[in-house]
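Content type mmCIF, C-alpha atoms, from the file run.cif:
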data_my_file
loop_
_atom_site.label_atom_id
_atom_site.label_comp_id
_atom_site.auth_asym_id
_atom_site.auth_seq_id
_atom_site.Cartn_x
_atom_site.Cartn_y
_atom_site.Cartn_z
CA MET A 1 -7.91 0.43 -23.25
CA GLU A 2 -4.30 0.82 -22.11
CA PRO A 3 -2.86 3.25 -19.57
CA GLU A 4 -1.20 6.32 -21.03
CA LEU A 5 1.61 8.56 -19.78
CA ILE A 6 0.61 12.18 -20.38
CA LYS A 7 3.08 15.07 -20.41
CA LEU A 8 1.34 18.04 -18.84
CA PRO A 9 2.07 21.68 -19.67
CA LYS A 10 5.09 23.09 -17.88
CA PHE A 11 5.90 26.78 -17.57
CA LEU A 12 9.38 27.49 -16.23
CA ASP A 13 9.88 30.67 -14.25
CA ARG A 14 12.66 31.84 -11.94
CA ARG A 15 9.97 32.39 -9.28
CA GLY A 16 8.82 28.78 -9.52
CA ASN A 17 7.37 26.49 -12.15
CA LEU A 18 3.72 25.93 -12.99
CA SER A 19 1.84 22.95 -14.46
CA PHE A 20 -1.87 22.28 -14.79
CA ILE A 21 -4.51 19.75 -15.83
CA GLU A 22 -7.65 20.61 -17.78
CA GLU A 23 -10.66 18.36 -18.26
CA GLU A 24 -11.10 18.50 -21.99
CA SER A 25 -7.42 18.95 -22.90
CA HIS A 26 -5.70 16.36 -20.69
CA LEU A 27 -8.49 14.24 -19.22
CA PRO A 28 -10.88 12.11 -21.30
CA PHE A 29 -13.47 12.31 -18.49
CA LYS A 30 -15.29 14.80 -16.28
CA VAL A 31 -13.74 15.28 -12.84
CA ARG A 32 -16.00 13.95 -10.09
CA ARG A 33 -13.48 13.42 -7.30
CA VAL A 34 -9.94 14.48 -6.39
CA TYR A 35 -7.96 12.88 -3.59
CA TRP A 36 -4.34 12.59 -2.54
CA ILE A 37 -2.12 10.11 -0.74
CA TYR A 38 0.63 11.37 1.56
CA ASP A 39 2.67 10.50 4.67
CA VAL A 40 3.08 6.90 3.46
CA PRO A 41 5.46 5.06 5.84
CA GLY A 42 8.56 3.48 4.30
CA GLY A 43 7.90 0.11 2.69
CA GLU A 44 4.12 0.53 2.58
CA LYS A 45 1.99 0.07 -0.53
CA ARG A 46 -1.27 1.75 -1.49
CA GLY A 47 -3.93 0.65 -3.93
CA GLY A 48 -4.14 -3.10 -4.36
CA HIS A 49 -7.49 -2.91 -6.14
CA ALA A 50 -9.24 -2.16 -9.41
CA PHE A 51 -12.27 -0.02 -10.18
CA LYS A 52 -15.21 -1.32 -12.17
CA GLU A 53 -16.21 2.11 -13.53
CA THR A 54 -13.68 4.73 -12.40
CA HIS A 55 -11.06 6.18 -14.72
CA GLU A 56 -8.20 8.13 -13.08
CA MET A 57 -5.18 10.28 -13.66
CA ILE A 58 -2.35 9.79 -11.15
CA VAL A 59 0.36 12.44 -10.69
CA ALA A 60 3.35 12.64 -8.33
CA LEU A 61 2.98 16.24 -7.17
CA SER A 62 5.97 15.88 -4.86
CA GLY A 63 8.60 13.20 -4.37
CA SER A 64 8.35 9.92 -6.21
CA PHE A 65 6.61 6.56 -6.23
CA ASP A 66 6.10 3.60 -8.57
CA LEU A 67 2.75 2.88 -10.16
CA LEU A 68 2.17 -0.76 -11.11
CA LEU A 69 -0.83 -1.51 -13.30
CA HIS A 70 -2.19 -4.85 -14.52
CA ASP A 71 -4.97 -5.47 -17.02
CA GLY A 72 -5.36 -9.17 -16.19
CA GLN A 73 -2.70 -10.24 -18.69
CA LYS A 74 -0.11 -7.51 -19.04
CA GLU A 75 1.70 -5.44 -16.41
CA TYR A 76 2.66 -1.78 -16.81
CA HIS A 77 5.23 0.03 -14.65
CA TYR A 78 5.65 3.79 -14.23
CA SER A 79 8.16 5.56 -12.00
CA LEU A 80 6.51 8.91 -11.31
CA ASN A 81 8.84 11.64 -10.05
CA ARG A 82 7.93 14.77 -12.03
CA SER A 83 4.81 16.84 -11.38
CA TYR A 84 4.34 17.48 -15.10
CA TYR A 85 3.63 13.82 -15.94
CA GLY A 86 0.44 11.95 -15.19
CA VAL A 87 -0.76 8.45 -15.98
CA LEU A 88 -4.27 7.95 -17.30
CA VAL A 89 -5.56 4.74 -15.74
CA PRO A 90 -8.64 3.23 -17.39
CA LYS A 91 -11.34 1.38 -15.48
CA MET A 92 -10.74 -2.32 -14.76
CA MET A 93 -7.01 -1.86 -14.28
CA TRP A 94 -5.44 -3.32 -11.11
CA ARG A 95 -3.31 -0.64 -9.45
CA THR A 96 -0.61 -0.63 -6.78
CA LEU A 97 1.47 2.35 -5.65
CA GLU A 98 4.76 1.59 -3.89
CA ASN A 99 8.30 2.79 -3.21
CA PHE A 100 7.15 6.17 -1.91
CA SER A 101 9.94 8.63 -1.24
CA THR A 102 9.96 10.82 1.85
CA ASN A 103 7.38 13.63 1.60
CA SER A 104 5.85 12.22 -1.58
CA LEU A 105 2.39 13.38 -2.59
CA ALA A 106 0.24 11.40 -5.02
CA LEU A 107 -2.66 13.28 -6.60
CA ILE A 108 -5.51 11.21 -8.05
CA ILE A 109 -8.21 12.71 -10.24
CA ALA A 110 -11.21 10.39 -10.68
CA SER A 111 -14.15 10.16 -13.05
CA THR A 112 -16.67 9.01 -10.43
CA ASP A 113 -17.85 9.86 -6.95
CA TYR A 114 -16.65 7.52 -4.20
CA SER A 115 -18.56 4.24 -4.09
CA GLN A 116 -17.42 1.17 -2.17
CA GLU A 117 -19.29 -0.98 -4.72
CA ASP A 118 -16.89 0.19 -7.46
CA TYR A 119 -13.88 -1.53 -5.86
CA LEU A 120 -12.51 -4.99 -6.66
CA TYR A 121 -10.09 -6.22 -3.98
CA ASP A 122 -9.38 -9.82 -5.04
CA PHE A 123 -6.69 -10.02 -7.74
CA GLU A 124 -7.48 -13.60 -8.76
CA ALA A 125 -11.19 -12.78 -9.11
CA PHE A 126 -10.20 -9.67 -11.09
CA LYS A 127 -8.09 -11.77 -13.51
CA LEU A 128 -10.93 -14.25 -13.96
CA GLN A 129 -13.36 -11.43 -14.71
CA MET A 130 -10.95 -9.91 -17.25
CA ALA A 131 -10.51 -13.30 -18.98
CA GLN A 132 -14.24 -13.53 -19.73
#
What does the file become when written as structure tokens?
Amino acid sequence: MEPELIKLPKFLDRRGNLSFIEEESHLPFKVRRVYWIYDVPGGEKRGGHAFKETHEMIVALSGSFDLLLHDGQKEYHYSLNRSYYGVLVPKMMWRTLENFSTNSLALIIASTDYSQEDYLYDFEAFKLQMAQ
């Protein structure tokens, strides 16, 4: 399964714009957890892991950042800077978020509850597992 850039609904209004995400329309999974990353100091990276079972959608609600994904063989790069685009990230995809702009806000919608056992932190071990 490959990652997928999803264009979310966008309603323009002089009072402010509105976008949304719905489980069965935009997400191929049930929402079990929602978290966000913010106040990332300049030059810092987030992620640096893969999930064994968790699928996610990642959206830049504010500001911008780069999302780098790797499936063990191929790398994918997304520059997220619009709140009406999200990237569906399948399980077993190495992810790194970097180049955060000032006041950026990354929203992550996940298919599983938090579990430390779901994380893979060693990239070389991840690549070996994906090669099997």
For stretch 50-54 of chain A: contacts at 9 Å, only C-alpha atoms, fewer than 4 positions along chain excluded, given as a PyMOL selection string: chain A and resi 89-95+110-113+117-123+126
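Minimum atom-to-atom distances from A:Phe29, A:Leu18, A:Lys45, A:Glu56 to A:Gly86 were compared using all atoms listed in the file, and the lowest value belongs to A:Glu56.
With atom CA of A:Leu8 on one side and atom CA of A:Leu61 on the other, the separation reads 11.9 Å.
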Matched chain/residue IDs from the PyMOL selection byres ((chain A and resi 66-78) around 8), as a PyMOL selection string: chain A and resi 3+64-65+79-80+92-100+126-128+130-131
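Atom to atom, atom CA of A:Ser101 and atom CA of A:Gly42 stand 7.7 Å apart.
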As a VMD selection string, please: the residues near A:Asn103 (cut-off 10 Å, only C-alpha atoms, same-chain neighbours under 5 positions excluded). chain A and resid 38 to 41 62 to 64
Take the PyMOL selection byres ((chain A and resi 37) around 7), run it mentally on this structure, and tell me the resulting residues as a PyMOL selection string. chain A and resi 36+38+105-107
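Comparing A:Thr102, A:Val87, A:Glu44, A:Ser115 by their smallest distance to A:Ile21, the closest is A:Val87 (using all atoms listed in the file).
Going from atom CA of A:Leu27 over to atom CA of A:Met1, you cover 14.4 Å.
Using all atoms listed in the file, the shortest contact distance between A:Ile6 and any of A:Tyr114, A:Phe20, A:Tyr84, A:Tyr35 is found at A:Tyr84.
Using only C-alpha atoms, the nearest neighbour of A:Val31 within the list A:His55, A:Arg14, A:Arg46, A:Arg82 is A:His55.
With distances restricted to only C-alpha atoms, A:Pro9 is the closest residue to A:Glu22 from A:Val34, A:Pro9, A:Gly48, A:Gly43.
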Set up a box along x, y and z of the file covering all listed atoms of stretch 116-120 of chain A, add 6 Å on every one of the six sides, and write the centre and edge lengths in Å to one decimal, as JSON.
{"center_x": -15.9, "center_y": -1.9, "center_z": -4.8, "size_x": 18.8, "size_y": 18.2, "size_z": 17.3}
